[in-house]
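**Student:** This is the structure I have questions about; it appears just below.
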Amino acid sequence: MSVTPSSEYVVPKLKSEVMISMLSKGLRISGRRVDEFRPINIVKDYIPNADGSAFVKLGGTQVLVGVKFEVGSPFPDTPNEGNLMVNAEFVPTASPVFEPGPPDENAIELARVIDRSIREAKAIDLSKLVLVPGRRVWNVWVDIYVLDHDGNLIDASSIGTLAALMTAKLPKVEVRDGGEVVIDKNVKTEPLPLNKAVVTVTVCKIGNYLIVDPDLEESVLSDVKVIVAVSEDGLITGIQKSGHGYLSEDDVLAIMNIALTKGKEIINTVKNILTT
Amino acid sequence: MGKGGVKLIEGNLRHDGRRFDELRSISMTVGVLKNSNGSAIVEYGRTKVLAAVYGPREPPAKHVLLPNRAVIRCRYHMAPFSTHERKNPAPSRREIELSKVIREALEPVVMSELYPRTSIDIFIEVINADGGTRTASITAASLALADAGIPMRDLVASVAVGKVDGVLVLDIDEVEDMYGEADMPVAMAPTLRWITMLQLNGVLTHEEFIQALNLAKKGIEVIYNMQKEVLKKKYLSIKVEE
């Protein structure tokens, strides 16, 4: 059951008033522009035991993403495709309000939004992940680990997922006669076949103002945000309104414009970081 | 041609004979349960959803209460027999996400500030699923809240727009959802012009998104008028005896 959350983190009234009055002039306490992201840092191949991984810092938010490949059976409705599975854990290290236990509705929503953004854009070429048609395929596990919460967990996770998928390498695999699959986990062969890059852009509404990449205090002040998944070829590959507020039609149209512009920028940033 | 090689558009009509901007046949009934404070059954074609509202009341677990407003508790649940294959009644990740999305679609209109330290509970049971269960759920829950006499700023009406065989169509059913290219559910408080739910599962161009939003608004307007009609029909017929 989903219950109205109590505000987990309190911003002093005076500070919140200052933040809103600054926004009316297009300014933020951090000195950022309303459409400016915090610096993005990525360490690729951070986890030796994973098949692909990335450690991402988006300002003060820290997220680890690990990709693991496993041999599995295809789903009956997609016999000639590999499987994608996305899971997110809000680790108790990340915030005083995160408790140990199974993923709550926020973690589930984050994982499902990222899952859909990749799946619907056909970002991974799942048809190339078949080992024995109709019987054995690669399962792609994406595990998102939120280590420290300073706002905008979704975009940080999405950037980490993109980086981990782009650097992931499939283990060496041999299909013997009779359909037996033998894997050598120690030998990494080909990169994961990707069709295109996808990233989410979260636009947050505070009062009547729209900002990107909210930090923790900004997210506390906001009662509604829209997560827009954008592909490198400029398509919208997913949308999710989140939070107990509402939006006007003008808000929604403005948000799409912001997201499409910022999405391409972030994809370029991630690609640049990974190639240097 | 759709994903699975299923033809969803024939000339100017859809696989079930509807025009592109035509809703399924929709029916609404309020006050269908004796015990709940408010209830409604909503049908979008073969999709059938029951919503019940209890409250404002004291919830079993008091730690969730807020000092300045009522909390809204919402559960979206699919009956095991509502789908083709039996659905395990344990809550799935999808149901957990949808419970949140539906609660957040209704939060803006419920005047929860009038009932501090109470809980308003919305229980939604999908009786038969044929696409559009979350949108039918929101329409039904909004009616059940009104039927419970809970003060609201507006009703919320909801419908999905889909893209099938490259065409934007209103109120997609299960087949169109499964084989189509996109599913975009939208909920609005129409008089206030508030968008209270917006999701996109699939791929649209920027241009298509704008068109889809306009198509959704058209459908929501029709559903909203039906909601008002069904409430009027129930409550205007109640006569006070002299």
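Identifiers in the structure tokens: chain A, B, ... in order shown; residue index from 1 per chain; ligand index from 1 in order shown.
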Counting only C-alpha atoms, which residues from chain A have an atom at most 6 Å from any atom of chain B, and could you show them as JSON, numbers by chain?

**Tutor:** {"A": [1, 2, 3, 4, 109, 120, 235, 236, 237, 238, 239, 240, 241, 244, 245, 246, 247, 248]}

**Student:** Produce a file of the selected residues containing all heavy atoms, as a short mmCIF file (atom, residue, chain, number, x, y, z; two decimals), in the first residue's frame.

**Tutor:**
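Written out: part.cif:
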```cif
data_model
loop_
_atom_site.label_atom_id
_atom_site.label_comp_id
_atom_site.auth_asym_id
_atom_site.auth_seq_id
_atom_site.Cartn_x
_atom_site.Cartn_y
_atom_site.Cartn_z
N MET A 1 0.85 -1.20 0.00
CA MET A 1 0.00 0.00 0.00
C MET A 1 0.89 1.25 0.00
O MET A 1 1.90 1.30 0.66
CB MET A 1 -0.90 -0.02 1.23
CG MET A 1 -1.95 1.05 1.18
SD MET A 1 -3.45 0.59 2.06
CE MET A 1 -2.83 0.12 3.66
N SER A 2 0.47 2.22 -0.78
CA SER A 2 1.25 3.46 -0.87
C SER A 2 0.65 4.51 0.07
O SER A 2 -0.55 4.75 0.05
CB SER A 2 1.21 3.97 -2.31
OG SER A 2 1.86 5.21 -2.40
N VAL A 3 1.50 5.10 0.92
CA VAL A 3 1.02 6.06 1.92
C VAL A 3 1.71 7.40 1.73
O VAL A 3 2.92 7.44 1.45
CB VAL A 3 1.31 5.54 3.35
CG1 VAL A 3 0.71 6.47 4.40
CG2 VAL A 3 0.80 4.13 3.54
N THR A 4 0.96 8.50 1.87
CA THR A 4 1.55 9.84 1.84
C THR A 4 2.78 9.87 2.75
O THR A 4 2.66 9.57 3.94
CB THR A 4 0.54 10.87 2.38
OG1 THR A 4 -0.70 10.68 1.73
CG2 THR A 4 1.05 12.29 2.17
N GLU A 109 10.04 2.31 -8.15
CA GLU A 109 9.71 3.26 -9.22
C GLU A 109 10.96 3.64 -10.01
O GLU A 109 10.97 3.62 -11.24
CB GLU A 109 9.05 4.51 -8.63
CG GLU A 109 8.62 5.50 -9.71
CD GLU A 109 8.04 6.80 -9.14
OE1 GLU A 109 8.58 7.31 -8.14
OE2 GLU A 109 7.05 7.29 -9.70
N GLU A 120 12.24 0.37 -23.93
CA GLU A 120 11.38 0.92 -24.99
C GLU A 120 12.21 1.57 -26.10
O GLU A 120 11.80 1.56 -27.25
CB GLU A 120 10.39 1.93 -24.40
CG GLU A 120 9.41 1.33 -23.41
CD GLU A 120 8.49 0.30 -24.03
OE1 GLU A 120 8.25 0.37 -25.26
OE2 GLU A 120 8.00 -0.58 -23.29
N LEU A 235 14.50 11.24 -29.39
CA LEU A 235 13.15 10.74 -29.14
C LEU A 235 12.86 10.73 -27.64
O LEU A 235 13.78 10.62 -26.83
CB LEU A 235 13.00 9.32 -29.70
CG LEU A 235 13.16 9.18 -31.21
CD1 LEU A 235 13.23 7.70 -31.59
CD2 LEU A 235 12.00 9.86 -31.93
N ILE A 236 11.58 10.83 -27.31
CA ILE A 236 11.15 10.68 -25.92
C ILE A 236 10.87 9.20 -25.71
O ILE A 236 10.00 8.63 -26.36
CB ILE A 236 9.89 11.51 -25.64
CG1 ILE A 236 10.13 12.98 -25.97
CG2 ILE A 236 9.46 11.37 -24.18
CD1 ILE A 236 8.87 13.84 -25.95
N THR A 237 11.63 8.54 -24.81
CA THR A 237 11.48 7.09 -24.67
C THR A 237 10.87 6.71 -23.32
O THR A 237 10.90 5.55 -22.94
CB THR A 237 12.82 6.36 -24.87
OG1 THR A 237 13.67 6.67 -23.76
CG2 THR A 237 13.51 6.80 -26.14
N GLY A 238 10.31 7.68 -22.63
CA GLY A 238 9.64 7.38 -21.37
C GLY A 238 9.36 8.67 -20.62
O GLY A 238 10.12 9.64 -20.76
N ILE A 239 8.25 8.66 -19.87
CA ILE A 239 7.91 9.81 -19.03
C ILE A 239 7.33 9.26 -17.74
O ILE A 239 6.64 8.25 -17.74
CB ILE A 239 6.84 10.72 -19.69
CG1 ILE A 239 7.31 11.24 -21.05
CG2 ILE A 239 6.47 11.90 -18.78
CD1 ILE A 239 6.24 12.02 -21.81
N GLN A 240 7.61 9.93 -16.63
CA GLN A 240 6.96 9.60 -15.37
C GLN A 240 6.81 10.86 -14.55
O GLN A 240 7.80 11.50 -14.19
CB GLN A 240 7.82 8.57 -14.60
CG GLN A 240 7.22 8.15 -13.28
CD GLN A 240 6.48 6.83 -13.37
OE1 GLN A 240 6.08 6.39 -14.45
NE2 GLN A 240 6.29 6.17 -12.25
N LYS A 241 5.56 11.23 -14.28
CA LYS A 241 5.31 12.29 -13.30
C LYS A 241 5.41 11.64 -11.93
O LYS A 241 4.88 10.56 -11.71
CB LYS A 241 3.93 12.91 -13.53
CG LYS A 241 3.52 13.94 -12.47
CD LYS A 241 2.40 13.43 -11.59
CE LYS A 241 2.00 14.37 -10.48
NZ LYS A 241 1.10 13.72 -9.51
N HIS A 244 3.42 14.40 -5.23
CA HIS A 244 1.99 14.58 -5.02
C HIS A 244 1.44 15.92 -5.53
O HIS A 244 0.30 16.26 -5.26
CB HIS A 244 1.62 14.34 -3.55
CG HIS A 244 2.29 15.29 -2.59
ND1 HIS A 244 3.34 14.90 -1.81
CD2 HIS A 244 2.06 16.57 -2.32
CE1 HIS A 244 3.72 15.94 -1.09
NE2 HIS A 244 2.97 16.96 -1.38
N GLY A 245 2.23 16.65 -6.30
CA GLY A 245 1.74 17.90 -6.88
C GLY A 245 1.12 17.69 -8.25
O GLY A 245 0.86 16.57 -8.66
N TYR A 246 0.89 18.82 -8.93
CA TYR A 246 0.29 18.75 -10.26
C TYR A 246 1.05 19.67 -11.20
O TYR A 246 1.89 20.48 -10.77
CB TYR A 246 -1.19 19.18 -10.20
CG TYR A 246 -1.36 20.59 -9.70
CD1 TYR A 246 -1.32 21.66 -10.58
CD2 TYR A 246 -1.52 20.86 -8.34
CE1 TYR A 246 -1.44 22.96 -10.13
CE2 TYR A 246 -1.63 22.15 -7.88
CZ TYR A 246 -1.59 23.20 -8.77
OH TYR A 246 -1.69 24.49 -8.33
N LEU A 247 0.74 19.56 -12.48
CA LEU A 247 1.42 20.37 -13.49
C LEU A 247 0.37 21.01 -14.40
O LEU A 247 -0.68 20.42 -14.63
CB LEU A 247 2.32 19.49 -14.35
CG LEU A 247 3.42 18.76 -13.59
CD1 LEU A 247 3.73 17.45 -14.27
CD2 LEU A 247 4.66 19.62 -13.49
N SER A 248 0.71 22.17 -14.94
CA SER A 248 -0.15 22.74 -15.98
C SER A 248 0.33 22.18 -17.31
O SER A 248 1.41 21.60 -17.41
CB SER A 248 -0.05 24.26 -15.98
OG SER A 248 1.22 24.64 -16.46
#
```

**Student:** Apply DSSP to the backbone of this structure and, from segment 37-188 of chain A, keep only the residues in strand (DSSP E); write these as a ChimeraX atom specification.

**Tutor:** /A:40-44,52-58,61-72,83-90,130-132,136-148,169-175,181-188

**Student:** What is the distance between atom CA of Glu17 of chain A and atom CA of Pro116 of chain B, in Å to one decimal?

**Tutor:** 24.6 Å

**Student:** Which of these, A:Val224, A:Ala163, A:Val11, A:Val201, has the shortest distance to Tyr46 of chain A once you count only C-alpha atoms?

**Tutor:**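 Answer, going by the shortest atom-to-atom distance: A:Ala163.
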
**Student:** Run DSSP on the backbone and tell me which residues of segment 144-187 of chain B come out as helix (DSSP H, G or I); list them as a PyMOL selection string.

**Tutor:** chain B and resi 144-147+174-179

**Student:** In Å, rounded to a single decimal, give me how far atom CA of Gly180 of chain B is from atom CA of Tyr44 of chain B.

**Tutor:** 18.5 Å

**Student:** Determine, counting only C-alpha atoms, which protein, DNA and RNA residues have an atom within 7 Å of an atom of segment 79-84 of chain A; residues of the same chain fewer than 3 positions away are not included. Present the result as a PyMOL selection string.

**Tutor:** chain A and resi 74-76+126-127+129-130+133-134+137-141

**Student:** Using only C-alpha atoms, which protein or nucleic acid residues come within 8 Å of Asp155 of chain A? Drop anything in the same chain fewer than 5 positions from it, and give the result as an MDAnalysis selection string.

**Tutor:** chainID A and resid 199:202 213

**Student:** Can you list, as a list in words, every protein, DNA or RNA residue that comes within 9 Å of Ala51 of chain B when you count only C-alpha atoms, leaving out same-chain residues fewer than 4 positions away?

**Tutor:** Gly38, Ser39, Ala40, Ile41, Val42, Ile122, Phe123, Ile124, Glu125, Val126, Ser137, Ile138, Ala140, Ala141, Ser142, Leu143 and Ala144 of chain B

**Student:** Selected residues, C-alpha atoms, written as a compact mmCIF listing (two decimals), in the first residue's frame, please.

**Tutor:**
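Saved to again13.txt:
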```txt
# COMPACT_ATOMS: atom_id res chain seq x y z
CA GLY B 38 -17.80 5.56 -0.88
CA SER B 39 -17.44 3.19 -3.81
CA ALA B 40 -17.62 2.95 -7.58
CA ILE B 41 -17.36 0.47 -10.40
CA VAL B 42 -15.93 1.74 -13.67
CA ILE B 122 -8.47 4.00 -1.26
CA PHE B 123 -8.71 0.35 -2.19
CA ILE B 124 -8.77 -0.53 -5.86
CA GLU B 125 -9.46 -4.03 -7.15
CA VAL B 126 -9.05 -4.80 -10.82
CA SER B 137 -8.73 2.96 -11.44
CA ILE B 138 -8.13 6.69 -11.16
CA ALA B 140 -13.18 5.02 -10.22
CA ALA B 141 -11.21 6.14 -7.15
CA SER B 142 -12.10 9.75 -7.82
CA LEU B 143 -15.80 8.82 -7.97
CA ALA B 144 -15.50 6.75 -4.78
```

**Student:** Which neighbours of Tyr9 of chain A fall inside 10 Å, counting only C-alpha atoms, when residues of the same chain fewer than 3 positions from it are skipped, and could you give them as an MDAnalysis selection string?

**Tutor:** chainID A and resid 6 12 95:97 216:217 219:221

**Student:** May I have the selected residues written with C-alpha atoms, as a PDB file, in the first residue's frame?

**Tutor:**
```
ATOM      1  CA  SER A   6       6.052  12.476   5.945  1.00  0.00           C
ATOM      2  CA  PRO A  12      14.369  25.866   7.514  1.00  0.00           C
ATOM      3  CA  SER A  95      20.560   8.683   4.032  1.00  0.00           C
ATOM      4  CA  PRO A  96      19.322   8.732   7.630  1.00  0.00           C
ATOM      5  CA  VAL A  97      15.826   7.984   6.311  1.00  0.00           C
ATOM      6  CA  LEU A 216      18.424  17.313  -1.679  1.00  0.00           C
ATOM      7  CA  GLU A 217      17.116  20.631  -0.325  1.00  0.00           C
ATOM      8  CA  SER A 219      13.856  18.202  -3.914  1.00  0.00           C
ATOM      9  CA  VAL A 220      12.364  18.718  -0.446  1.00  0.00           C
ATOM     10  CA  LEU A 221      10.888  22.056  -1.565  1.00  0.00           C
TER      11      LEU A 221
END
```

**Student:** Hey, could you make a per-residue contact list for segment 35-106 of chain A against segment 164-170 of chain A with 9 Å as the cut-off, showing the nearest pair of atoms and its distance in Å to one decimal, counting only C-alpha atoms, sorted by chain and number, as a Markdown table?

**Tutor:**
```
| residue | atom | partner | partner_atom | distance |
| --- | --- | --- | --- | --- |
| A:Lys44 | CA | A:Ala164 | CA | 7.1 |
| A:Asp45 | CA | A:Thr167 | CA | 7.3 |
| A:Ala50 | CA | A:Ala168 | CA | 8.4 |
| A:Asp51 | CA | A:Ala168 | CA | 5.4 |
| A:Gly52 | CA | A:Ala168 | CA | 3.7 |
| A:Ser53 | CA | A:Ala164 | CA | 4.3 |
| A:Ala54 | CA | A:Ala164 | CA | 5.0 |
| A:Phe55 | CA | A:Ala164 | CA | 8.6 |
| A:Val65 | CA | A:Ala164 | CA | 6.4 |
| A:Gly66 | CA | A:Ala164 | CA | 6.5 |
| A:Val67 | CA | A:Ala164 | CA | 6.4 |
| A:Lys68 | CA | A:Ala168 | CA | 8.5 |
| A:Phe69 | CA | A:Leu170 | CA | 7.0 |
```

**Student:** Within 6 Å of Gly131 of chain B, counting only C-alpha atoms, which residues qualify if same-chain residues fewer than 2 places away don't, as a list of chain:residue names?

**Tutor:**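 Listing them by chain and then by number gives B:Ala129, B:Thr133, B:Asp173, B:Glu174.
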
**Student:** Filtering to N, CA and C atoms, could you give me those residues as a PDB file, in the first residue's frame?

**Tutor:**
```pdb
ATOM      1  N   ALA B 129      -9.046  -7.356 -16.436  1.00  0.00           N
ATOM      2  CA  ALA B 129      -8.038  -6.480 -17.040  1.00  0.00           C
ATOM      3  C   ALA B 129      -8.027  -6.638 -18.553  1.00  0.00           C
ATOM      4  N   THR B 133      -6.079  -0.343 -17.043  1.00  0.00           N
ATOM      5  CA  THR B 133      -6.586  -0.550 -15.679  1.00  0.00           C
ATOM      6  C   THR B 133      -6.213   0.607 -14.757  1.00  0.00           C
ATOM      7  N   ASP B 173      -6.681  -0.588 -25.696  1.00  0.00           N
ATOM      8  CA  ASP B 173      -6.996  -1.808 -24.939  1.00  0.00           C
ATOM      9  C   ASP B 173      -5.746  -2.687 -24.853  1.00  0.00           C
ATOM     10  N   GLU B 174      -5.917  -3.879 -24.304  1.00  0.00           N
ATOM     11  CA  GLU B 174      -4.760  -4.735 -24.040  1.00  0.00           C
ATOM     12  C   GLU B 174      -3.984  -5.104 -25.307  1.00  0.00           C
TER      13      GLU B 174
END
```

**Student:** Can you work out the spacing between atom CA of Val198 of chain A and atom CA of Ser158 of chain A in Å, to one decimal?

**Tutor:**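 Rounded to one decimal, the two atoms are 8.2 Å apart.
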
**Student:** Rank A:Leu194, A:Ile255, A:Glu218, A:Leu110 by their smallest atom-to-atom distance to Val18 of chain A, using only C-alpha atoms, and report the top residue only.

**Tutor:**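 Looking at the shortest contact to Val18 of chain A, the residue is A:Glu218.
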